[in-house]
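For reference, run_6.pdb (PDB, C-alpha atoms, pLDDT in the B column):
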ATOM      1  CA  MET R   1      69.453 -32.823-219.128  1.00 46.00           C
ATOM      2  CA  ASP R   2      71.115 -33.537-222.473  1.00 51.00           C
ATOM      3  CA  TYR R   3      74.479 -31.891-221.787  1.00 51.00           C
ATOM      4  CA  GLU R   4      76.101 -30.556-224.969  1.00 54.00           C
ATOM      5  CA  LEU R   5      79.626 -31.919-225.264  1.00 62.00           C
ATOM      6  CA  GLY R   6      80.481 -31.641-228.925  1.00 56.00           C
ATOM      7  CA  VAL R   7      80.841 -35.414-229.232  1.00 57.00           C
ATOM      8  CA  GLN R   8      80.428 -36.579-232.801  1.00 55.00           C
ATOM      9  CA  PRO R   9      78.037 -39.525-233.267  1.00 55.00           C
ATOM     10  CA  ILE R  10      79.526 -42.543-234.994  1.00 48.00           C
ATOM     11  CA  GLU R  11      77.923 -44.760-237.545  1.00 52.00           C
ATOM     12  CA  ILE R  12      77.146 -48.301-236.449  1.00 45.00           C
ATOM     13  CA  GLU R  13      79.330 -49.827-239.178  1.00 47.00           C
ATOM     14  CA  LYS R  14      82.322 -47.843-237.880  1.00 48.00           C
ATOM     15  CA  ILE R  15      81.991 -48.835-234.242  1.00 49.00           C
ATOM     16  CA  GLY R  16      84.148 -51.909-234.730  1.00 51.00           C
ATOM     17  CA  TYR R  17      87.160 -49.637-235.202  1.00 49.00           C
ATOM     18  CA  THR R  18      86.869 -47.868-231.843  1.00 55.00           C
ATOM     19  CA  ARG R  19      89.225 -50.261-230.065  1.00 57.00           C
ATOM     20  CA  ASP R  20      91.996 -49.665-232.624  1.00 60.00           C
ATOM     21  CA  ARG R  21      91.489 -45.906-232.431  1.00 57.00           C
ATOM     22  CA  TYR R  22      91.813 -45.900-228.649  1.00 52.00           C
ATOM     23  CA  LYS R  23      95.062 -47.898-228.795  1.00 60.00           C
ATOM     24  CA  ARG R  24      96.570 -45.177-231.004  1.00 62.00           C
ATOM     25  CA  ILE R  25      96.103 -42.494-228.357  1.00 59.00           C
ATOM     26  CA  LEU R  26      99.452 -41.186-227.139  1.00 63.00           C
ATOM     27  CA  ALA R  27     100.622 -42.826-223.943  1.00 76.00           C
ATOM     28  CA  VAL R  28     101.287 -39.420-222.411  1.00 80.00           C
ATOM     29  CA  GLU R  29      97.589 -38.541-222.627  1.00 85.00           C
ATOM     30  CA  LEU R  30      96.596 -41.694-220.774  1.00 87.00           C
ATOM     31  CA  PHE R  31      99.302 -40.995-218.209  1.00 89.00           C
ATOM     32  CA  LEU R  32      97.868 -37.511-217.634  1.00 92.00           C
ATOM     33  CA  LYS R  33      94.374 -39.002-217.326  1.00 94.00           C
ATOM     34  CA  ARG R  34      95.659 -41.363-214.639  1.00 95.00           C
ATOM     35  CA  ILE R  35      97.356 -38.507-212.775  1.00 96.00           C
ATOM     36  CA  MET R  36      94.126 -36.470-212.886  1.00 95.00           C
ATOM     37  CA  ASP R  37      92.155 -39.461-211.593  1.00 97.00           C
ATOM     38  CA  ALA R  38      94.530 -40.067-208.700  1.00 97.00           C
ATOM     39  CA  ILE R  39      94.762 -36.421-207.623  1.00 97.00           C
ATOM     40  CA  LEU R  40      91.015 -35.750-207.772  1.00 96.00           C
ATOM     41  CA  ALA R  41      90.099 -39.064-206.109  1.00 97.00           C
ATOM     42  CA  CYS R  42      92.565 -38.440-203.266  1.00 97.00           C
ATOM     43  CA  PHE R  43      91.331 -34.877-202.792  1.00 97.00           C
ATOM     44  CA  LEU R  44      87.664 -35.899-202.799  1.00 97.00           C
ATOM     45  CA  LEU R  45      88.214 -38.773-200.352  1.00 97.00           C
ATOM     46  CA  ILE R  46      89.853 -36.361-197.895  1.00 97.00           C
ATOM     47  CA  PHE R  47      87.437 -33.472-198.503  1.00 97.00           C
ATOM     48  CA  LEU R  48      84.341 -35.692-198.312  1.00 97.00           C
ATOM     49  CA  PHE R  49      85.505 -37.804-195.375  1.00 97.00           C
ATOM     50  CA  PRO R  50      83.006 -36.198-192.935  1.00 97.00           C
ATOM     51  CA  LEU R  51      80.172 -36.854-195.405  1.00 97.00           C
ATOM     52  CA  LEU R  52      81.319 -40.443-195.972  1.00 97.00           C
ATOM     53  CA  THR R  53      81.378 -41.001-192.223  1.00 98.00           C
ATOM     54  CA  CYS R  54      77.939 -39.456-191.767  1.00 97.00           C
ATOM     55  CA  ILE R  55      76.423 -41.617-194.508  1.00 98.00           C
ATOM     56  CA  SER R  56      77.983 -44.742-193.002  1.00 97.00           C
ATOM     57  CA  VAL R  57      76.499 -44.006-189.590  1.00 97.00           C
ATOM     58  CA  ILE R  58      73.027 -43.291-191.002  1.00 97.00           C
ATOM     59  CA  ILE R  59      72.996 -46.524-193.027  1.00 97.00           C
ATOM     60  CA  LYS R  60      74.040 -48.514-189.965  1.00 95.00           C
ATOM     61  CA  LEU R  61      71.398 -46.910-187.756  1.00 96.00           C
ATOM     62  CA  THR R  62      68.482 -47.086-190.195  1.00 94.00           C
ATOM     63  CA  SER R  63      68.715 -50.586-191.673  1.00 91.00           C
ATOM     64  CA  SER R  64      70.180 -53.982-190.920  1.00 91.00           C
ATOM     65  CA  GLY R  65      73.057 -55.247-193.008  1.00 93.00           C
ATOM     66  CA  PRO R  66      76.500 -54.022-194.083  1.00 96.00           C
ATOM     67  CA  ILE R  67      77.296 -50.394-194.837  1.00 97.00           C
ATOM     68  CA  LEU R  68      78.969 -51.150-198.138  1.00 96.00           C
ATOM     69  CA  PHE R  69      77.670 -53.223-201.029  1.00 94.00           C
ATOM     70  CA  ASN R  70      80.219 -55.358-202.862  1.00 93.00           C
ATOM     71  CA  TRP R  71      79.383 -54.400-206.436  1.00 91.00           C
ATOM     72  CA  PRO R  72      79.752 -57.561-208.606  1.00 90.00           C
ATOM     73  CA  VAL R  73      80.986 -55.943-211.812  1.00 93.00           C
ATOM     74  CA  VAL R  74      83.608 -56.469-214.478  1.00 94.00           C
ATOM     75  CA  GLY R  75      86.003 -53.852-215.769  1.00 92.00           C
ATOM     76  CA  LYS R  76      88.322 -53.514-218.740  1.00 92.00           C
ATOM     77  CA  GLU R  77      88.144 -56.491-221.109  1.00 92.00           C
ATOM     78  CA  GLY R  78      85.609 -58.164-218.805  1.00 92.00           C
ATOM     79  CA  LYS R  79      88.037 -58.740-215.942  1.00 93.00           C
ATOM     80  CA  PRO R  80      86.458 -58.969-212.443  1.00 91.00           C
ATOM     81  CA  LEU R  81      86.567 -55.618-210.659  1.00 88.00           C
ATOM     82  CA  SER R  82      86.652 -55.009-206.912  1.00 83.00           C
ATOM     83  CA  ALA R  83      84.267 -52.086-206.446  1.00 91.00           C
ATOM     84  CA  TYR R  84      81.908 -50.886-203.736  1.00 94.00           C
ATOM     85  CA  LYS R  85      78.864 -48.700-203.256  1.00 96.00           C
ATOM     86  CA  PHE R  86      77.013 -47.582-200.169  1.00 97.00           C
ATOM     87  CA  ARG R  87      74.259 -50.145-199.623  1.00 97.00           C
ATOM     88  CA  THR R  88      70.900 -48.694-200.668  1.00 96.00           C
ATOM     89  CA  MET R  89      68.758 -51.847-200.692  1.00 96.00           C
ATOM     90  CA  ILE R  90      67.438 -54.224-198.087  1.00 95.00           C
ATOM     91  CA  VAL R  91      69.327 -57.414-197.342  1.00 93.00           C
ATOM     92  CA  GLY R  92      68.250 -60.145-199.761  1.00 91.00           C
ATOM     93  CA  ALA R  93      67.275 -57.705-202.520  1.00 93.00           C
ATOM     94  CA  ASP R  94      68.615 -59.972-205.274  1.00 89.00           C
ATOM     95  CA  ALA R  95      66.213 -62.734-204.297  1.00 92.00           C
ATOM     96  CA  LEU R  96      63.278 -60.366-204.892  1.00 94.00           C
ATOM     97  CA  LYS R  97      64.444 -59.225-208.314  1.00 92.00           C
ATOM     98  CA  PRO R  98      62.711 -61.953-210.383  1.00 92.00           C
ATOM     99  CA  SER R  99      59.313 -60.775-209.119  1.00 93.00           C
ATOM    100  CA  LEU R 100      60.037 -57.256-210.428  1.00 93.00           C
ATOM    101  CA  LEU R 101      61.293 -58.069-213.924  1.00 92.00           C
ATOM    102  CA  ASP R 102      57.944 -57.168-215.500  1.00 92.00           C
ATOM    103  CA  LYS R 103      58.498 -53.594-214.264  1.00 93.00           C
ATOM    104  CA  ASN R 104      61.920 -53.249-215.851  1.00 93.00           C
ATOM    105  CA  GLU R 105      62.300 -49.937-217.733  1.00 91.00           C
ATOM    106  CA  ALA R 106      65.466 -50.928-219.598  1.00 90.00           C
ATOM    107  CA  THR R 107      66.118 -53.296-222.482  1.00 89.00           C
ATOM    108  CA  GLY R 108      68.453 -56.265-222.693  1.00 87.00           C
ATOM    109  CA  PRO R 109      70.051 -57.632-219.507  1.00 90.00           C
ATOM    110  CA  ILE R 110      70.019 -54.202-217.790  1.00 89.00           C
ATOM    111  CA  PHE R 111      67.519 -53.716-214.956  1.00 90.00           C
ATOM    112  CA  LYS R 112      66.284 -50.198-214.157  1.00 90.00           C
ATOM    113  CA  MET R 113      63.161 -49.469-212.152  1.00 90.00           C
ATOM    114  CA  LYS R 114      61.865 -46.250-210.662  1.00 86.00           C
ATOM    115  CA  ASN R 115      60.523 -46.562-207.107  1.00 88.00           C
ATOM    116  CA  ASP R 116      62.123 -49.968-206.644  1.00 94.00           C
ATOM    117  CA  PRO R 117      60.518 -51.361-203.440  1.00 95.00           C
ATOM    118  CA  ARG R 118      63.804 -52.957-202.400  1.00 96.00           C
ATOM    119  CA  ILE R 119      65.453 -49.583-201.828  1.00 96.00           C
ATOM    120  CA  THR R 120      65.657 -48.362-198.239  1.00 96.00           C
ATOM    121  CA  GLN R 121      64.446 -44.931-197.144  1.00 94.00           C
ATOM    122  CA  ILE R 122      67.952 -43.507-196.895  1.00 95.00           C
ATOM    123  CA  GLY R 123      68.809 -45.419-200.075  1.00 96.00           C
ATOM    124  CA  HIS R 124      66.377 -43.295-202.078  1.00 94.00           C
ATOM    125  CA  VAL R 125      68.167 -40.139-200.960  1.00 94.00           C
ATOM    126  CA  LEU R 126      71.619 -41.559-201.646  1.00 96.00           C
ATOM    127  CA  ARG R 127      70.649 -42.718-205.119  1.00 93.00           C
ATOM    128  CA  ARG R 128      68.858 -39.515-206.018  1.00 92.00           C
ATOM    129  CA  PHE R 129      72.058 -37.520-205.567  1.00 93.00           C
ATOM    130  CA  SER R 130      74.428 -40.368-206.563  1.00 93.00           C
ATOM    131  CA  LEU R 131      75.959 -40.401-203.079  1.00 96.00           C
ATOM    132  CA  ASP R 132      75.934 -44.198-203.079  1.00 96.00           C
ATOM    133  CA  GLU R 133      78.642 -44.021-205.761  1.00 95.00           C
ATOM    134  CA  LEU R 134      81.200 -42.230-203.551  1.00 97.00           C
ATOM    135  CA  PRO R 135      83.034 -45.402-202.395  1.00 97.00           C
ATOM    136  CA  GLN R 136      84.111 -45.840-206.019  1.00 96.00           C
ATOM    137  CA  LEU R 137      86.639 -43.081-205.357  1.00 97.00           C
ATOM    138  CA  TRP R 138      88.757 -45.748-203.653  1.00 96.00           C
ATOM    139  CA  SER R 139      88.657 -47.920-206.799  1.00 95.00           C
ATOM    140  CA  ILE R 140      89.660 -44.869-208.823  1.00 97.00           C
ATOM    141  CA  LEU R 141      92.557 -44.092-206.486  1.00 96.00           C
ATOM    142  CA  LYS R 142      93.766 -47.703-206.812  1.00 94.00           C
ATOM    143  CA  GLY R 143      93.607 -47.474-210.585  1.00 94.00           C
ATOM    144  CA  ASP R 144      90.862 -50.053-211.116  1.00 93.00           C
ATOM    145  CA  MET R 145      88.481 -47.383-212.404  1.00 96.00           C
ATOM    146  CA  SER R 146      88.647 -43.882-213.838  1.00 96.00           C
ATOM    147  CA  LEU R 147      86.614 -40.812-212.932  1.00 97.00           C
ATOM    148  CA  VAL R 148      85.211 -40.799-216.460  1.00 97.00           C
ATOM    149  CA  GLY R 149      84.655 -43.794-218.700  1.00 96.00           C
ATOM    150  CA  PRO R 150      82.073 -46.390-219.706  1.00 95.00           C
ATOM    151  CA  ARG R 151      80.074 -47.687-216.752  1.00 91.00           C
ATOM    152  CA  PRO R 152      81.205 -51.030-215.281  1.00 91.00           C
ATOM    153  CA  VAL R 153      78.963 -53.965-216.147  1.00 92.00           C
ATOM    154  CA  LEU R 154      77.412 -56.424-213.723  1.00 93.00           C
ATOM    155  CA  THR R 155      78.827 -59.922-214.124  1.00 93.00           C
ATOM    156  CA  TYR R 156      75.541 -61.468-215.245  1.00 91.00           C
ATOM    157  CA  GLU R 157      74.996 -58.603-217.714  1.00 92.00           C
ATOM    158  CA  TRP R 158      78.444 -59.147-219.227  1.00 94.00           C
ATOM    159  CA  ASP R 159      77.658 -62.833-219.749  1.00 94.00           C
ATOM    160  CA  GLN R 160      74.651 -61.821-221.863  1.00 94.00           C
ATOM    161  CA  PHE R 161      76.396 -59.094-223.900  1.00 94.00           C
ATOM    162  CA  ASN R 162      77.147 -59.774-227.542  1.00 94.00           C
ATOM    163  CA  GLU R 163      80.560 -59.051-229.077  1.00 93.00           C
ATOM    164  CA  TRP R 164      79.568 -55.564-230.228  1.00 93.00           C
ATOM    165  CA  GLN R 165      78.244 -54.587-226.785  1.00 94.00           C
ATOM    166  CA  ARG R 166      81.396 -55.863-225.086  1.00 94.00           C
ATOM    167  CA  GLN R 167      83.468 -53.267-226.914  1.00 93.00           C
ATOM    168  CA  LYS R 168      82.233 -50.715-224.349  1.00 94.00           C
ATOM    169  CA  LEU R 169      84.753 -52.163-221.904  1.00 94.00           C
ATOM    170  CA  SER R 170      87.741 -52.147-224.212  1.00 92.00           C
ATOM    171  CA  VAL R 171      88.943 -49.355-221.891  1.00 92.00           C
ATOM    172  CA  LYS R 172      88.985 -48.776-218.152  1.00 94.00           C
ATOM    173  CA  PRO R 173      85.453 -48.159-216.781  1.00 96.00           C
ATOM    174  CA  GLY R 174      84.504 -44.931-215.051  1.00 96.00           C
ATOM    175  CA  ALA R 175      82.294 -43.672-212.242  1.00 95.00           C
ATOM    176  CA  VAL R 176      80.809 -41.064-214.595  1.00 94.00           C
ATOM    177  CA  SER R 177      80.043 -41.672-218.243  1.00 93.00           C
ATOM    178  CA  LEU R 178      78.678 -39.952-221.319  1.00 91.00           C
ATOM    179  CA  TRP R 179      75.433 -41.812-220.601  1.00 90.00           C
ATOM    180  CA  HIS R 180      74.937 -39.768-217.417  1.00 87.00           C
ATOM    181  CA  VAL R 181      75.003 -36.424-219.190  1.00 88.00           C
ATOM    182  CA  LYS R 182      73.205 -37.403-222.396  1.00 87.00           C
ATOM    183  CA  GLY R 183      69.782 -38.223-221.000  1.00 80.00           C
ATOM    184  CA  GLN R 184      70.442 -41.706-219.546  1.00 83.00           C
ATOM    185  CA  PRO R 185      68.701 -43.718-222.305  1.00 85.00           C
ATOM    186  CA  ARG R 186      67.256 -47.040-221.121  1.00 88.00           C
ATOM    187  CA  ASP R 187      67.824 -48.851-224.399  1.00 91.00           C
ATOM    188  CA  ILE R 188      70.947 -51.010-224.025  1.00 91.00           C
ATOM    189  CA  ASP R 189      72.147 -50.411-227.595  1.00 92.00           C
ATOM    190  CA  GLU R 190      71.837 -46.629-227.208  1.00 92.00           C
ATOM    191  CA  TRP R 191      73.750 -46.878-223.941  1.00 92.00           C
ATOM    192  CA  VAL R 192      76.542 -48.896-225.559  1.00 94.00           C
ATOM    193  CA  LYS R 193      76.666 -46.566-228.548  1.00 94.00           C
ATOM    194  CA  LEU R 194      77.268 -43.581-226.220  1.00 94.00           C
ATOM    195  CA  ASP R 195      80.119 -45.453-224.536  1.00 95.00           C
ATOM    196  CA  LEU R 196      81.675 -46.249-227.895  1.00 94.00           C
ATOM    197  CA  GLU R 197      81.313 -42.635-229.008  1.00 93.00           C
ATOM    198  CA  TYR R 198      83.158 -41.632-225.838  1.00 94.00           C
ATOM    199  CA  ILE R 199      85.976 -44.060-226.631  1.00 92.00           C
ATOM    200  CA  GLN R 200      86.317 -42.853-230.201  1.00 88.00           C
ATOM    201  CA  ASN R 201      86.241 -39.153-229.270  1.00 90.00           C
ATOM    202  CA  TRP R 202      88.239 -39.403-226.046  1.00 88.00           C
ATOM    203  CA  SER R 203      90.415 -36.539-224.877  1.00 89.00           C
ATOM    204  CA  LEU R 204      91.242 -35.023-221.509  1.00 91.00           C
ATOM    205  CA  TRP R 205      89.090 -32.047-222.446  1.00 92.00           C
ATOM    206  CA  LEU R 206      86.126 -34.360-223.086  1.00 94.00           C
ATOM    207  CA  ASP R 207      86.651 -35.900-219.630  1.00 95.00           C
ATOM    208  CA  ILE R 208      86.639 -32.441-218.066  1.00 94.00           C
ATOM    209  CA  LYS R 209      83.438 -31.472-219.886  1.00 94.00           C
ATOM    210  CA  ILE R 210      81.734 -34.690-218.764  1.00 95.00           C
ATOM    211  CA  LEU R 211      82.808 -34.059-215.160  1.00 94.00           C
ATOM    212  CA  ILE R 212      81.327 -30.554-215.340  1.00 93.00           C
ATOM    213  CA  GLY R 213      78.112 -32.012-216.731  1.00 91.00           C
ATOM    214  CA  ALA R 214      78.141 -34.634-213.984  1.00 89.00           C
ATOM    215  CA  VAL R 215      78.043 -31.904-211.333  1.00 89.00           C
ATOM    216  CA  TRP R 216      74.735 -30.693-212.782  1.00 86.00           C
ATOM    217  CA  TYR R 217      73.515 -34.302-213.033  1.00 84.00           C
ATOM    218  CA  VAL R 218      74.217 -34.893-209.334  1.00 85.00           C
ATOM    219  CA  LEU R 219      72.770 -31.592-208.128  1.00 84.00           C
ATOM    220  CA  SER R 220      69.608 -32.058-210.212  1.00 81.00           C
ATOM    221  CA  GLY R 221      68.730 -35.132-208.141  1.00 77.00           C
ATOM    222  CA  LYS R 222      67.281 -36.960-211.152  1.00 72.00           C
ATOM    223  CA  ASN R 223      68.991 -40.282-210.552  1.00 75.00           C
ATOM    224  CA  TYR R 224      67.183 -43.326-209.109  1.00 64.00           C
TER     225      TYR R 224
END
Before anything else, please render the file you have as structure tokens.
Amino acid sequence: MDYELGVQPIEIEKIGYTRDRYKRILAVELFLKRIMDAILACFLLIFLFPLLTCISVIIKLTSSGPILFNWPVVGKEGKPLSAYKFRTMIVGADALKPSLLDKNEATGPIFKMKNDPRITQIGHVLRRFSLDELPQLWSILKGDMSLVGPRPVLTYEWDQFNEWQRQKLSVKPGAVSLWHVKGQPRDIDEWVKLDLEYIQNWSLWLDIKILIGAVWYVLSGKNY
């Protein structure tokens, strides 16, 4: 679903100014964003604790390996980020990735594949409804991530990004992004452009609208 947010597209030649624009945002707005992140993350961790426990037990009972996956990503300005997801793939999945590259649906260093054979049975369900992302609430509570912001980037992806693409992480990354509610394009440049549009147009109201759109995204079960 292409969720209508009123975000104004930016011209490619103007994207280089997004970092300067973001730095001009009043500190009080960023402080309020942080307060909103902390309150909502704390509430959701408490409210969803039974679900988190249930998912952990099911993962442990249905497949070998750890419950959590240590997500090797970078955050703001490319700094290493300690983040976790519920494990949705078999142990040793990374070793099988080279044999699947010809089925990649994304461009650039990003890898996206529908019906990835490395995903476990319960993993398909978790991914479909984005439940594997729930452990990121802890990273949000700690302040390493935000509820809304550009998606974190895998370390090896960051190493292959050009200078323009790296601007997407000139701000703190988020669990939910404009990409989620604008059709999830698989082209890396379109993805980056959406993140930069978010940065340039950022406001607390935009965050709230993206969160509302994210609820529909999750309930639609279109993720994979």
So which residues get picked by the PyMOL selection byres ((chain R and resi 140) around 10) here, written as a list of chain:residue names?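 Listing what the PyMOL selection byres ((chain R and resi 140) around 10) selects in the shown file: R:Arg34, R:Asp37, R:Ala38, R:Ile39, R:Leu40, R:Ala41, R:Cys42, R:Ala83, R:Pro135, R:Gln136, R:Leu137, R:Trp138, R:Ser139, R:Leu141, R:Lys142, R:Gly143, R:Asp144, R:Met145, R:Ser146, R:Leu147, R:Val148, R:Pro173, R:Gly174, R:Ala175.
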Please define a box with edges along x, y and z of the file around all atoms of region 47-66 of chain R given in the file, extend it by 8 Å on each side, and return its centre and edge lengths in Å to one decimal, as AutoDock Vina command-line options.
--center_x 78.0 --center_y -44.4 --center_z -193.1 --size_x 35.0 --size_y 37.8 --size_z 26.7
Do a neighbour search on Leu48 (chain R) at 9 Å with all atoms listed in the file, toss out local chain neighbours closer than 5 positions, and write the hits as a list in words.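 Everything that qualifies: Phe43, Thr53 and Leu134 of chain R.
Computed from the coordinates, the CA of Gly123 (chain R) to CA of Lys76 (chain R) distance equals 28.2 Å.
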Residue contacts of Asn162 (chain R) (12 Å, only C-alpha atoms) excluding same-chain residues fewer than 3 positions away, as an mmCIF file with C-alpha atoms, keeping the file's coordinate frame:
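And here is the file that came out, selection35.cif:
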data_model
loop_
_atom_site.group_PDB
_atom_site.id
_atom_site.type_symbol
_atom_site.label_atom_id
_atom_site.label_comp_id
_atom_site.auth_asym_id
_atom_site.auth_seq_id
_atom_site.Cartn_x
_atom_site.Cartn_y
_atom_site.Cartn_z
ATOM 1 C CA GLY R 108 68.453 -56.265 -222.693
ATOM 2 C CA PRO R 109 70.051 -57.632 -219.507
ATOM 3 C CA GLU R 157 74.996 -58.603 -217.714
ATOM 4 C CA TRP R 158 78.444 -59.147 -219.227
ATOM 5 C CA ASP R 159 77.658 -62.833 -219.749
ATOM 6 C CA GLN R 165 78.244 -54.587 -226.785
ATOM 7 C CA ARG R 166 81.396 -55.863 -225.086
ATOM 8 C CA GLN R 167 83.468 -53.267 -226.914
ATOM 9 C CA LYS R 168 82.233 -50.715 -224.349
ATOM 10 C CA ILE R 188 70.947 -51.010 -224.025
ATOM 11 C CA ASP R 189 72.147 -50.411 -227.595
ATOM 12 C CA VAL R 192 76.542 -48.896 -225.559
#
What do you get, as a PDB file with C-alpha atoms, in the frame of the given file, if you spell out every residue that the PyMOL selection byres ((chain R and resi 65) around 12) selects here?
ATOM      1  CA  SER R  56      77.983 -44.742-193.002  1.00 97.00           C
ATOM      2  CA  ILE R  59      72.996 -46.524-193.027  1.00 97.00           C
ATOM      3  CA  LYS R  60      74.040 -48.514-189.965  1.00 95.00           C
ATOM      4  CA  LEU R  61      71.398 -46.910-187.756  1.00 96.00           C
ATOM      5  CA  THR R  62      68.482 -47.086-190.195  1.00 94.00           C
ATOM      6  CA  SER R  63      68.715 -50.586-191.673  1.00 91.00           C
ATOM      7  CA  SER R  64      70.180 -53.982-190.920  1.00 91.00           C
ATOM      8  CA  PRO R  66      76.500 -54.022-194.083  1.00 96.00           C
ATOM      9  CA  ILE R  67      77.296 -50.394-194.837  1.00 97.00           C
ATOM     10  CA  LEU R  68      78.969 -51.150-198.138  1.00 96.00           C
ATOM     11  CA  PHE R  69      77.670 -53.223-201.029  1.00 94.00           C
ATOM     12  CA  PHE R  86      77.013 -47.582-200.169  1.00 97.00           C
ATOM     13  CA  ARG R  87      74.259 -50.145-199.623  1.00 97.00           C
ATOM     14  CA  THR R  88      70.900 -48.694-200.668  1.00 96.00           C
ATOM     15  CA  MET R  89      68.758 -51.847-200.692  1.00 96.00           C
ATOM     16  CA  ILE R  90      67.438 -54.224-198.087  1.00 95.00           C
ATOM     17  CA  VAL R  91      69.327 -57.414-197.342  1.00 93.00           C
ATOM     18  CA  GLY R  92      68.250 -60.145-199.761  1.00 91.00           C
ATOM     19  CA  ALA R  93      67.275 -57.705-202.520  1.00 93.00           C
ATOM     20  CA  THR R 120      65.657 -48.362-198.239  1.00 96.00           C
TER      21      THR R 120
END
Report the distance between CA of Val171 (chain R) and CA of Asn70 (chain R) in Å, rounded to one decimal place.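 Pair CA of Val171 (chain R) / CA of Asn70 (chain R) returns 21.8 Å.
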Among the residues R:Ser177, R:Ile199, R:Trp191, R:Arg127, the one that comes closest to Leu211 (chain R) [using all atoms listed in the file]: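 With all atoms listed in the file as the atom set, the closest residue is R:Ser177.
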Please identify all polymer residues within 8 Å of Trp71 (chain R), counting all atoms listed in the file, omitting same-chain residues fewer than 4 positions from it, and present them as an NGL selection string. :R and (82-85 or 154)
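In terms of minimum interatomic distance to Lys33 (chain R), R:Asp207 ranks closest within R:Glu77, R:Glu163, R:Asp94, R:Asp207, counting only C-alpha atoms.
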